[in-house]
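Participant: For reference, this is upload34.json, and it has JSON, C-alpha atoms.
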[["chain", "number", "residue", "atom", "x", "y", "z"],
["C", 1, "MET", "CA", 91.10, 151.70, 78.33],
["C", 2, "HIS", "CA", 92.80, 148.74, 80.03],
["C", 3, "PRO", "CA", 94.83, 146.50, 77.68],
["C", 4, "ILE", "CA", 92.54, 143.55, 78.51],
["C", 5, "PHE", "CA", 89.53, 145.49, 77.26],
["C", 6, "GLU", "CA", 91.48, 146.63, 74.20],
["C", 7, "LYS", "CA", 92.06, 142.96, 73.40],
["C", 8, "LEU", "CA", 88.36, 142.22, 73.91],
["C", 9, "GLN", "CA", 87.66, 145.00, 71.44],
["C", 10, "THR", "CA", 89.73, 143.22, 68.80],
["C", 11, "LEU", "CA", 87.97, 139.89, 69.47],
["C", 12, "ARG", "CA", 84.49, 141.48, 69.48],
["C", 13, "ILE", "CA", 82.76, 138.47, 71.09],
["C", 14, "VAL", "CA", 83.23, 136.94, 74.53],
["C", 15, "PRO", "CA", 81.94, 133.36, 74.92],
["C", 16, "VAL", "CA", 80.12, 133.09, 78.26],
["C", 17, "ILE", "CA", 80.53, 129.58, 79.64],
["C", 18, "VAL", "CA", 78.76, 127.57, 82.32],
["C", 19, "ILE", "CA", 80.83, 124.42, 82.90],
["C", 20, "HIS", "CA", 79.93, 121.61, 85.29],
["C", 21, "ASP", "CA", 82.90, 119.31, 84.61],
["C", 22, "ALA", "CA", 86.39, 120.80, 84.76],
["C", 23, "ALA", "CA", 87.68, 117.89, 82.69],
["C", 24, "LYS", "CA", 85.93, 119.44, 79.70],
["C", 25, "ALA", "CA", 87.66, 122.81, 80.13],
["C", 26, "VAL", "CA", 90.76, 122.11, 78.04],
["C", 27, "PRO", "CA", 88.99, 120.59, 75.00],
["C", 28, "LEU", "CA", 86.46, 123.43, 75.22],
["C", 29, "ALA", "CA", 89.23, 126.02, 75.21],
["C", 30, "LYS", "CA", 90.87, 124.28, 72.26],
["C", 31, "ALA", "CA", 87.56, 124.33, 70.38],
["C", 32, "LEU", "CA", 87.26, 128.09, 70.93],
["C", 33, "CYS", "CA", 90.86, 128.73, 69.88],
["C", 34, "ASP", "CA", 90.44, 126.51, 66.81],
["C", 35, "GLY", "CA", 87.36, 128.53, 65.94],
["C", 36, "GLY", "CA", 89.37, 131.75, 66.09],
["C", 37, "LEU", "CA", 88.17, 133.06, 69.45],
["C", 38, "PRO", "CA", 90.90, 132.67, 72.11],
["C", 39, "CYS", "CA", 88.71, 134.08, 74.86],
["C", 40, "ALA", "CA", 86.25, 132.85, 77.48],
["C", 41, "GLU", "CA", 84.31, 134.08, 80.48],
["C", 42, "VAL", "CA", 83.92, 131.09, 82.79],
["C", 43, "THR", "CA", 81.04, 131.86, 85.13],
["C", 44, "PHE", "CA", 81.24, 131.12, 88.85],
["C", 45, "ARG", "CA", 77.82, 129.48, 88.76],
["C", 46, "THR", "CA", 79.23, 125.99, 89.29],
["C", 47, "ALA", "CA", 81.70, 124.31, 91.62],
["C", 48, "ALA", "CA", 83.90, 123.47, 88.62],
["C", 49, "ALA", "CA", 84.56, 127.10, 87.63],
["C", 50, "ALA", "CA", 87.87, 127.71, 89.41],
["C", 51, "ASP", "CA", 89.34, 124.37, 88.33],
["C", 52, "ALA", "CA", 88.20, 125.01, 84.76],
["C", 53, "ILE", "CA", 89.89, 128.42, 84.71],
["C", 54, "ARG", "CA", 93.04, 126.91, 86.20],
["C", 55, "ALA", "CA", 93.17, 124.19, 83.54],
["C", 56, "ILE", "CA", 92.61, 126.65, 80.69],
["C", 57, "ALA", "CA", 95.19, 129.11, 82.01],
["C", 58, "LYS", "CA", 97.77, 126.32, 82.27],
["C", 59, "GLU", "CA", 97.20, 124.71, 78.87],
["C", 60, "PHE", "CA", 96.43, 127.91, 76.92],
["C", 61, "PRO", "CA", 98.41, 130.71, 78.60],
["C", 62, "GLU", "CA", 97.88, 132.96, 75.57],
["C", 63, "MET", "CA", 94.11, 132.68, 75.92],
["C", 64, "LEU", "CA", 92.16, 135.55, 77.47],
["C", 65, "VAL", "CA", 90.27, 133.70, 80.18],
["C", 66, "GLY", "CA", 88.13, 135.55, 82.69],
["C", 67, "ALA", "CA", 85.76, 134.70, 85.51],
["C", 68, "GLY", "CA", 82.09, 135.64, 85.40],
["C", 69, "THR", "CA", 79.39, 135.94, 88.07],
["C", 70, "VAL", "CA", 82.00, 137.13, 90.58],
["C", 71, "LEU", "CA", 79.82, 138.36, 93.44],
["C", 72, "ASN", "CA", 82.29, 139.08, 96.24],
["C", 73, "ALA", "CA", 85.94, 139.45, 97.21],
["C", 74, "LYS", "CA", 86.29, 135.76, 98.12],
["C", 75, "GLN", "CA", 85.22, 134.65, 94.65],
["C", 76, "ALA", "CA", 87.45, 137.31, 93.13],
["C", 77, "ASP", "CA", 90.43, 135.88, 95.00],
["C", 78, "GLU", "CA", 89.55, 132.33, 93.92],
["C", 79, "ALA", "CA", 89.28, 133.40, 90.30],
["C", 80, "ILE", "CA", 92.51, 135.39, 90.32],
["C", 81, "GLU", "CA", 94.39, 132.55, 92.05],
["C", 82, "ALA", "CA", 93.11, 130.18, 89.36],
["C", 83, "GLY", "CA", 94.47, 132.44, 86.62],
["C", 84, "ALA", "CA", 91.58, 134.67, 85.58],
["C", 85, "LYS", "CA", 92.81, 137.73, 83.69],
["C", 86, "PHE", "CA", 89.62, 139.72, 84.16],
["C", 87, "LEU", "CA", 86.50, 139.53, 86.32],
["C", 88, "VAL", "CA", 82.85, 140.02, 85.37],
["C", 89, "ALA", "CA", 79.77, 140.48, 87.57],
["C", 90, "PRO", "CA", 76.03, 140.77, 86.89],
["C", 91, "GLY", "CA", 75.81, 143.89, 89.06],
["C", 92, "LEU", "CA", 78.03, 146.64, 90.44],
["C", 93, "ASN", "CA", 79.33, 145.99, 93.94],
["C", 94, "PRO", "CA", 81.79, 148.78, 94.81],
["C", 95, "GLU", "CA", 83.61, 146.65, 97.40],
["C", 96, "THR", "CA", 84.25, 143.86, 94.91],
["C", 97, "VAL", "CA", 85.40, 146.34, 92.25],
["C", 98, "ARG", "CA", 87.82, 147.98, 94.68],
["C", 99, "HIS", "CA", 89.13, 144.57, 95.79],
["C", 100, "ALA", "CA", 89.76, 143.47, 92.20],
["C", 101, "ARG", "CA", 91.55, 146.74, 91.51],
["C", 102, "SER", "CA", 93.74, 146.25, 94.60],
["C", 103, "LYS", "CA", 94.80, 142.93, 93.06],
["C", 104, "GLY", "CA", 95.59, 144.58, 89.74],
["C", 105, "VAL", "CA", 92.86, 142.73, 87.84],
["C", 106, "PRO", "CA", 90.30, 144.64, 85.73],
["C", 107, "MET", "CA", 86.64, 144.11, 86.51],
["C", 108, "LEU", "CA", 83.57, 144.43, 84.31],
["C", 109, "PRO", "CA", 80.54, 144.94, 86.58],
["C", 110, "GLY", "CA", 77.01, 144.91, 85.22],
["C", 111, "VAL", "CA", 74.71, 147.94, 84.94],
["C", 112, "CYS", "CA", 71.44, 148.81, 83.25],
["C", 113, "THR", "CA", 70.50, 152.24, 84.65],
["C", 114, "PRO", "CA", 71.97, 155.76, 84.62],
["C", 115, "SER", "CA", 72.49, 155.66, 88.40],
["C", 116, "GLU", "CA", 74.57, 152.51, 88.13],
["C", 117, "ILE", "CA", 76.65, 154.07, 85.36],
["C", 118, "GLU", "CA", 77.21, 157.10, 87.61],
["C", 119, "LEU", "CA", 78.44, 154.76, 90.34],
["C", 120, "GLY", "CA", 80.80, 153.16, 87.84],
["C", 121, "LEU", "CA", 82.12, 156.58, 86.89],
["C", 122, "SER", "CA", 82.69, 157.43, 90.56],
["C", 123, "LEU", "CA", 84.84, 154.29, 90.83],
["C", 124, "GLY", "CA", 86.91, 155.33, 87.82],
["C", 125, "LEU", "CA", 85.57, 152.59, 85.55],
["C", 126, "GLU", "CA", 85.74, 153.06, 81.79],
["C", 127, "VAL", "CA", 84.01, 149.88, 80.63],
["C", 128, "LEU", "CA", 80.82, 148.35, 82.04],
["C", 129, "LYS", "CA", 78.76, 145.27, 81.27],
["C", 130, "PHE", "CA", 75.26, 146.15, 80.03],
["C", 131, "PHE", "CA", 73.18, 143.38, 81.57],
["C", 132, "PRO", "CA", 70.72, 141.82, 80.99],
["C", 133, "ALA", "CA", 70.93, 143.48, 77.59],
["C", 134, "GLU", "CA", 67.80, 142.30, 75.79],
["C", 135, "GLN", "CA", 65.62, 142.27, 78.88],
["C", 136, "ALA", "CA", 66.79, 145.77, 79.87],
["C", 137, "GLY", "CA", 65.72, 147.37, 76.61],
["C", 138, "GLY", "CA", 68.20, 146.10, 74.05],
["C", 139, "THR", "CA", 69.97, 148.35, 71.59],
["C", 140, "ILE", "CA", 67.44, 151.16, 72.01],
["C", 141, "MET", "CA", 68.19, 151.36, 75.73],
["C", 142, "LEU", "CA", 71.93, 151.06, 75.24],
["C", 143, "LYS", "CA", 71.96, 153.88, 72.69],
["C", 144, "ALA", "CA", 69.95, 156.03, 75.08],
["C", 145, "LEU", "CA", 72.35, 155.31, 77.94],
["C", 146, "SER", "CA", 75.40, 155.93, 75.75],
["C", 147, "ALA", "CA", 74.25, 159.38, 74.67],
["C", 148, "PRO", "CA", 74.91, 161.28, 77.93],
["C", 149, "TYR", "CA", 77.86, 159.12, 78.98],
["C", 150, "VAL", "CA", 79.97, 159.69, 75.91],
["C", 151, "ASN", "CA", 83.21, 158.30, 77.37],
["C", 152, "MET", "CA", 81.74, 155.12, 78.85],
["C", 153, "ARG", "CA", 82.11, 151.87, 76.93],
["C", 154, "PHE", "CA", 79.95, 148.78, 77.26],
["C", 155, "VAL", "CA", 79.97, 145.00, 76.84],
["C", 156, "PRO", "CA", 76.31, 144.01, 76.35],
["C", 157, "THR", "CA", 75.46, 140.51, 77.56],
["C", 158, "GLY", "CA", 72.19, 138.67, 78.02],
["C", 159, "GLY", "CA", 69.93, 137.47, 75.24],
["C", 160, "LEU", "CA", 72.44, 138.05, 72.44],
["C", 161, "THR", "CA", 72.22, 135.75, 69.43],
["C", 162, "PRO", "CA", 73.57, 135.58, 65.87],
["C", 163, "ALA", "CA", 70.41, 137.43, 64.84],
["C", 164, "ASN", "CA", 71.03, 140.54, 66.96],
["C", 165, "VAL", "CA", 74.74, 140.62, 67.84],
["C", 166, "ASN", "CA", 75.67, 142.92, 64.96],
["C", 167, "ASP", "CA", 72.99, 145.37, 66.03],
["C", 168, "TYR", "CA", 74.93, 145.75, 69.27],
["C", 169, "LEU", "CA", 78.38, 145.71, 67.68],
["C", 170, "SER", "CA", 77.34, 148.58, 65.41],
["C", 171, "ILE", "CA", 76.89, 150.86, 68.45],
["C", 172, "LYS", "CA", 79.93, 153.09, 68.87],
["C", 173, "SER", "CA", 80.12, 152.64, 72.64],
["C", 174, "VAL", "CA", 80.25, 148.83, 72.45],
["C", 175, "VAL", "CA", 83.64, 147.21, 73.01],
["C", 176, "ALA", "CA", 82.52, 143.60, 72.57],
["C", 177, "CYS", "CA", 79.48, 141.40, 73.13],
["C", 178, "GLY", "CA", 79.06, 138.51, 75.54],
["C", 179, "GLY", "CA", 77.19, 135.47, 74.26],
["C", 180, "SER", "CA", 76.66, 131.81, 74.95],
["C", 181, "TRP", "CA", 75.10, 130.53, 71.72],
["C", 182, "MET", "CA", 78.37, 128.98, 70.54],
["C", 183, "VAL", "CA", 79.00, 127.28, 73.91],
["C", 184, "LYS", "CA", 75.56, 125.97, 74.84],
["C", 185, "ASP", "CA", 75.34, 123.79, 77.93],
["C", 186, "GLU", "CA", 74.22, 120.74, 75.98],
["C", 187, "LEU", "CA", 77.17, 120.96, 73.58],
["C", 188, "ILE", "CA", 79.65, 121.11, 76.45],
["C", 189, "ALA", "CA", 77.89, 118.32, 78.36],
["C", 190, "SER", "CA", 77.86, 116.01, 75.33],
["C", 191, "GLY", "CA", 81.45, 116.83, 74.40],
["C", 192, "ASP", "CA", 80.50, 118.07, 70.93],
["C", 193, "PHE", "CA", 83.55, 120.28, 70.62],
["C", 194, "ALA", "CA", 83.56, 120.06, 66.83],
["C", 195, "LYS", "CA", 80.17, 121.80, 66.81],
["C", 196, "ILE", "CA", 81.48, 124.43, 69.23],
["C", 197, "THR", "CA", 84.39, 125.11, 66.88],
["C", 198, "GLU", "CA", 81.98, 125.38, 63.96],
["C", 199, "LEU", "CA", 79.67, 127.80, 65.79],
["C", 200, "THR", "CA", 82.67, 129.81, 66.99],
["C", 201, "ARG", "CA", 83.97, 130.20, 63.44],
["C", 202, "GLU", "CA", 80.51, 131.39, 62.38],
["C", 203, "ALA", "CA", 80.45, 133.89, 65.26],
["C", 204, "VAL", "CA", 83.88, 135.24, 64.35],
["C", 205, "ALA", "CA", 82.83, 135.63, 60.70],
["C", 206, "LEU", "CA", 79.59, 137.30, 61.75],
["C", 207, "ALA", "CA", 81.36, 139.84, 63.95],
["C", 208, "GLY", "CA", 84.11, 140.46, 61.43]]
Go ahead and express the file in the form of structure tokens.
Facilitator:
Amino acid sequence: MHPIFEKLQTLRIVPVIVIHDAAKAVPLAKALCDGGLPCAEVTFRTAAAADAIRAIAKEFPEMLVGAGTVLNAKQADEAIEAGAKFLVAPGLNPETVRHARSKGVPMLPGVCTPSEIELGLSLGLEVLKFFPAEQAGGTIMLKALSAPYVNMRFVPTGGLTPANVNDYLSIKSVVACGGSWMVKDELIASGDFAKITELTREAVALAG
């Protein structure tokens, strides 16, 4: 398993962030680090994503910052140039995976069916994002998918909460879980970084 994914395995939870104002990136990153979770997946759903990643990578070089919702090679290049250490996508696009690999950056594409897992295997992938986790059948589905693909590992994301995250973390094939409950849009928008730190500490304790 790639060292980046090994580090994710030690952290257990990946905060999934949608940020609209890059000026909030550094205090947000500090809030996560203060809460004990030096990791973030900054999604490319907003125009501020690349600048946010760049700011975090500069101010917190030890932080494991990745880019999410990377849908093509152009976005992959933008994310890597900004300082993303790993890439995440909602689906599995072989061309984007190959491009990321050519740049030496690990990618975590999303799957929710056996055929998609088979495609991941054909590309030499060892870790896949199970997405959207809850909507695709939750832990029951993930256990069923894990049974025949004994060497594949997963990062379930989508619908995870403090109430169900440990159900996923208890599955042997799970490396870490992606979640946004500790970095809700309204908390970032209002600048309530103290609350983000508090929720992050609770998440770390929950996953510990």
Participant: Starting from 8 Å padding per side, set up an axis-aligned box that covers all listed atoms of region 27-45 of chain C and hand over centre and edge lengths in Å, one decimal, as lines of an AutoDock Vina configuration file.
Facilitator:
center_x = 84.4
center_y = 127.3
center_z = 77.4
size_x = 29.1
size_y = 29.5
size_z = 38.9
Participant: From the options C:Gly66, C:Pro3, C:Gly191, C:Gly158, which residue's atoms come nearest to Lys24 (chain C), counting only C-alpha atoms?
Facilitator: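 Residue with the minimum atom-to-atom distance to Lys24 (chain C): C:Gly191.
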Participant: Once you count only C-alpha atoms, which residues end up no further than 9 Å from (76.9, 144.5, 82.5) in the file's frame, shown as a compact mmCIF listing (two decimals) with C-alpha atoms, in the frame of the given file?
Facilitator:
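What landed in part-v4.txt:
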# COMPACT_ATOMS: atom_id res chain seq x y z
CA VAL C 88 82.85 140.02 85.37
CA ALA C 89 79.77 140.48 87.57
CA PRO C 90 76.03 140.77 86.89
CA GLY C 91 75.81 143.89 89.06
CA LEU C 92 78.03 146.64 90.44
CA LEU C 108 83.57 144.43 84.31
CA PRO C 109 80.54 144.94 86.58
CA GLY C 110 77.01 144.91 85.22
CA VAL C 111 74.71 147.94 84.94
CA CYS C 112 71.44 148.81 83.25
CA LEU C 128 80.82 148.35 82.04
CA LYS C 129 78.76 145.27 81.27
CA PHE C 130 75.26 146.15 80.03
CA PHE C 131 73.18 143.38 81.57
CA PRO C 132 70.72 141.82 80.99
CA ALA C 133 70.93 143.48 77.59
CA PHE C 154 79.95 148.78 77.26
CA VAL C 155 79.97 145.00 76.84
CA PRO C 156 76.31 144.01 76.35
CA THR C 157 75.46 140.51 77.56
CA GLY C 158 72.19 138.67 78.02
Participant: Given all atoms listed in the file as the basis, pick out the residue of C:Val174, C:Leu169, C:Met182, C:Ile56 nearest to Glu198 (chain C).
Facilitator: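 Checking each candidate against Glu198 (chain C), we get C:Met182 as the closest.
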Participant: Identify the residues around (90.4, 128.1, 85.1) within a radius of 9 Å, measuring from all atoms listed in the file in the coordinates stated by the file, and give them as a PDB file with C-alpha atoms, in the coordinates of the input.
Facilitator:
ATOM      1  CA  ALA C  22      86.390 120.800  84.760  1.00  0.00           C
ATOM      2  CA  ALA C  25      87.660 122.810  80.130  1.00  0.00           C
ATOM      3  CA  VAL C  42      83.920 131.090  82.790  1.00  0.00           C
ATOM      4  CA  ALA C  48      83.900 123.470  88.620  1.00  0.00           C
ATOM      5  CA  ALA C  49      84.560 127.100  87.630  1.00  0.00           C
ATOM      6  CA  ALA C  50      87.870 127.710  89.410  1.00  0.00           C
ATOM      7  CA  ASP C  51      89.340 124.370  88.330  1.00  0.00           C
ATOM      8  CA  ALA C  52      88.200 125.010  84.760  1.00  0.00           C
ATOM      9  CA  ILE C  53      89.890 128.420  84.710  1.00  0.00           C
ATOM     10  CA  ARG C  54      93.040 126.910  86.200  1.00  0.00           C
ATOM     11  CA  ALA C  55      93.170 124.190  83.540  1.00  0.00           C
ATOM     12  CA  ILE C  56      92.610 126.650  80.690  1.00  0.00           C
ATOM     13  CA  ALA C  57      95.190 129.110  82.010  1.00  0.00           C
ATOM     14  CA  LYS C  58      97.770 126.320  82.270  1.00  0.00           C
ATOM     15  CA  VAL C  65      90.270 133.700  80.180  1.00  0.00           C
ATOM     16  CA  GLY C  66      88.130 135.550  82.690  1.00  0.00           C
ATOM     17  CA  ALA C  67      85.760 134.700  85.510  1.00  0.00           C
ATOM     18  CA  ALA C  79      89.280 133.400  90.300  1.00  0.00           C
ATOM     19  CA  ALA C  82      93.110 130.180  89.360  1.00  0.00           C
ATOM     20  CA  GLY C  83      94.470 132.440  86.620  1.00  0.00           C
ATOM     21  CA  ALA C  84      91.580 134.670  85.580  1.00  0.00           C
TER      22      ALA C  84
END
Participant: Have a look at CA of Gly104 (chain C) and CA of Leu125 (chain C) and let me know their distance in Å, one decimal.
Facilitator: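 So the two atoms, CA of Gly104 (chain C) and CA of Leu125 (chain C), lie 13.5 Å apart.
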Participant: Quick one: distance from CA of Val14 (chain C) to CA of Glu81 (chain C) in Å, one decimal?
Facilitator: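 About the pair CA of Val14 (chain C) and CA of Glu81 (chain C): they are 21.2 Å apart.
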Participant: Please, what distance in Å, to one decimal, runs between CA of Leu145 (chain C) and CA of Pro114 (chain C)?
Facilitator: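 We find that CA of Leu145 (chain C) and CA of Pro114 (chain C) lie 6.7 Å from each other.
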Participant: Choose the residue, out of C:Asp192, C:Tyr149, C:Asp167, C:Leu37, that has the smallest atom-to-atom separation from Ser115 (chain C); count all atoms listed in the file.
Facilitator: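 For Ser115 (chain C), the nearest of the candidates is C:Tyr149.
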Participant: Just the residues within 8 Å of Asp185 (chain C), please, counting only C-alpha atoms, with nothing from its chain fewer than 3 positions along; format it as number ranges by chain.
Facilitator: C: 17-19, 188-189
Participant: Select, from C:Ala23, C:Leu64, C:Ala136, C:Leu119, the residue with the minimum atom-to-atom distance to Glu6 (chain C), counting all atoms listed in the file.
Facilitator: C:Leu64
Participant: Restricting the calculation to all atoms listed in the file: of C:Ala31, C:Gly68, C:Ala176, C:His99, which residue gets closest to Lys195 (chain C)?
Facilitator: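 Closest to Lys195 (chain C), using all atoms listed in the file: C:Ala31.
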Participant: Any idea what's packed within 12 Å of Ile13 (chain C), counting only C-alpha atoms, ignoring anything in its chain fewer than 3 positions away? Could you give it as an NGL selection string?
Facilitator: :C and (5 or 7-10 or 16 or 32 or 36-41 or 64 or 155-157 or 160-162 or 165-166 or 168-169 or 174-182 or 200-208)
Participant: Using all atoms listed in the file, pick whichever of C:Ala73, C:Ile196, C:Met107, C:Met63 has the shortest atom-to-atom distance to Leu87 (chain C).
Facilitator: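 With all atoms listed in the file as the atom set, the closest residue is C:Met107.
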Participant: Lys143 (chain C): which residues within 10 Å, counting only C-alpha atoms, same-chain residues fewer than 4 positions away excluded, as a ChimeraX atom specification?
Facilitator: /C:137-139,147-148,168,171-174
Participant: Could you please fill out region 115-136 of chain C with N, CA and C atoms and send it back as a PDB file, in the coordinates of the input?
Facilitator:
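Full text of rebuild-v8.pdb as output:
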ATOM      1  N   SER C 115      71.911 155.567  87.062  1.00  0.00           N
ATOM      2  CA  SER C 115      72.490 155.660  88.400  1.00  0.00           C
ATOM      3  C   SER C 115      73.642 154.690  88.582  1.00  0.00           C
ATOM      4  N   GLU C 116      73.497 153.496  88.027  1.00  0.00           N
ATOM      5  CA  GLU C 116      74.570 152.510  88.130  1.00  0.00           C
ATOM      6  C   GLU C 116      75.788 152.941  87.305  1.00  0.00           C
ATOM      7  N   ILE C 117      75.538 153.551  86.164  1.00  0.00           N
ATOM      8  CA  ILE C 117      76.650 154.070  85.360  1.00  0.00           C
ATOM      9  C   ILE C 117      77.373 155.173  86.125  1.00  0.00           C
ATOM     10  N   GLU C 118      76.610 156.035  86.798  1.00  0.00           N
ATOM     11  CA  GLU C 118      77.210 157.100  87.610  1.00  0.00           C
ATOM     12  C   GLU C 118      78.093 156.509  88.705  1.00  0.00           C
ATOM     13  N   LEU C 119      77.631 155.424  89.320  1.00  0.00           N
ATOM     14  CA  LEU C 119      78.440 154.760  90.340  1.00  0.00           C
ATOM     15  C   LEU C 119      79.717 154.216  89.729  1.00  0.00           C
ATOM     16  N   GLY C 120      79.609 153.641  88.539  1.00  0.00           N
ATOM     17  CA  GLY C 120      80.800 153.160  87.840  1.00  0.00           C
ATOM     18  C   GLY C 120      81.783 154.280  87.564  1.00  0.00           C
ATOM     19  N   LEU C 121      81.270 155.413  87.144  1.00  0.00           N
ATOM     20  CA  LEU C 121      82.120 156.580  86.890  1.00  0.00           C
ATOM     21  C   LEU C 121      82.832 157.021  88.169  1.00  0.00           C
ATOM     22  N   SER C 122      82.101 156.995  89.287  1.00  0.00           N
ATOM     23  CA  SER C 122      82.690 157.430  90.560  1.00  0.00           C
ATOM     24  C   SER C 122      83.817 156.501  91.000  1.00  0.00           C
ATOM     25  N   LEU C 123      83.791 155.266  90.511  1.00  0.00           N
ATOM     26  CA  LEU C 123      84.840 154.290  90.830  1.00  0.00           C
ATOM     27  C   LEU C 123      85.979 154.326  89.811  1.00  0.00           C
ATOM     28  N   GLY C 124      85.863 155.200  88.827  1.00  0.00           N
ATOM     29  CA  GLY C 124      86.910 155.330  87.820  1.00  0.00           C
ATOM     30  C   GLY C 124      86.854 154.288  86.726  1.00  0.00           C
ATOM     31  N   LEU C 125      85.691 153.625  86.570  1.00  0.00           N
ATOM     32  CA  LEU C 125      85.570 152.590  85.550  1.00  0.00           C
ATOM     33  C   LEU C 125      85.317 153.208  84.175  1.00  0.00           C
ATOM     34  N   GLU C 126      85.891 152.586  83.158  1.00  0.00           N
ATOM     35  CA  GLU C 126      85.740 153.060  81.790  1.00  0.00           C
ATOM     36  C   GLU C 126      84.897 152.135  80.928  1.00  0.00           C
ATOM     37  N   VAL C 127      84.774 150.879  81.364  1.00  0.00           N
ATOM     38  CA  VAL C 127      84.010 149.880  80.630  1.00  0.00           C
ATOM     39  C   VAL C 127      83.079 149.169  81.607  1.00  0.00           C
ATOM     40  N   LEU C 128      81.810 149.023  81.210  1.00  0.00           N
ATOM     41  CA  LEU C 128      80.820 148.350  82.040  1.00  0.00           C
ATOM     42  C   LEU C 128      80.095 147.292  81.230  1.00  0.00           C
ATOM     43  N   LYS C 129      79.598 146.292  81.908  1.00  0.00           N
ATOM     44  CA  LYS C 129      78.760 145.270  81.270  1.00  0.00           C
ATOM     45  C   LYS C 129      77.319 145.774  81.263  1.00  0.00           C
ATOM     46  N   PHE C 130      76.685 145.800  80.113  1.00  0.00           N
ATOM     47  CA  PHE C 130      75.260 146.150  80.030  1.00  0.00           C
ATOM     48  C   PHE C 130      74.480 144.852  80.131  1.00  0.00           C
ATOM     49  N   PHE C 131      73.801 144.669  81.273  1.00  0.00           N
ATOM     50  CA  PHE C 131      73.180 143.380  81.570  1.00  0.00           C
ATOM     51  C   PHE C 131      71.904 143.570  82.394  1.00  0.00           C
ATOM     52  N   PRO C 132      70.875 142.753  82.120  1.00  0.00           N
ATOM     53  CA  PRO C 132      70.720 141.820  80.990  1.00  0.00           C
ATOM     54  C   PRO C 132      70.278 142.600  79.749  1.00  0.00           C
ATOM     55  N   ALA C 133      71.074 142.569  78.725  1.00  0.00           N
ATOM     56  CA  ALA C 133      70.930 143.480  77.590  1.00  0.00           C
ATOM     57  C   ALA C 133      69.544 143.480  76.957  1.00  0.00           C
ATOM     58  N   GLU C 134      69.092 142.349  76.484  1.00  0.00           N
ATOM     59  CA  GLU C 134      67.800 142.300  75.790  1.00  0.00           C
ATOM     60  C   GLU C 134      66.647 142.615  76.740  1.00  0.00           C
ATOM     61  N   GLN C 135      66.695 142.064  77.920  1.00  0.00           N
ATOM     62  CA  GLN C 135      65.620 142.270  78.880  1.00  0.00           C
ATOM     63  C   GLN C 135      65.575 143.705  79.414  1.00  0.00           C
ATOM     64  N   ALA C 136      66.711 144.397  79.358  1.00  0.00           N
ATOM     65  CA  ALA C 136      66.790 145.770  79.870  1.00  0.00           C
ATOM     66  C   ALA C 136      66.497 146.824  78.809  1.00  0.00           C
TER      67      ALA C 136
END
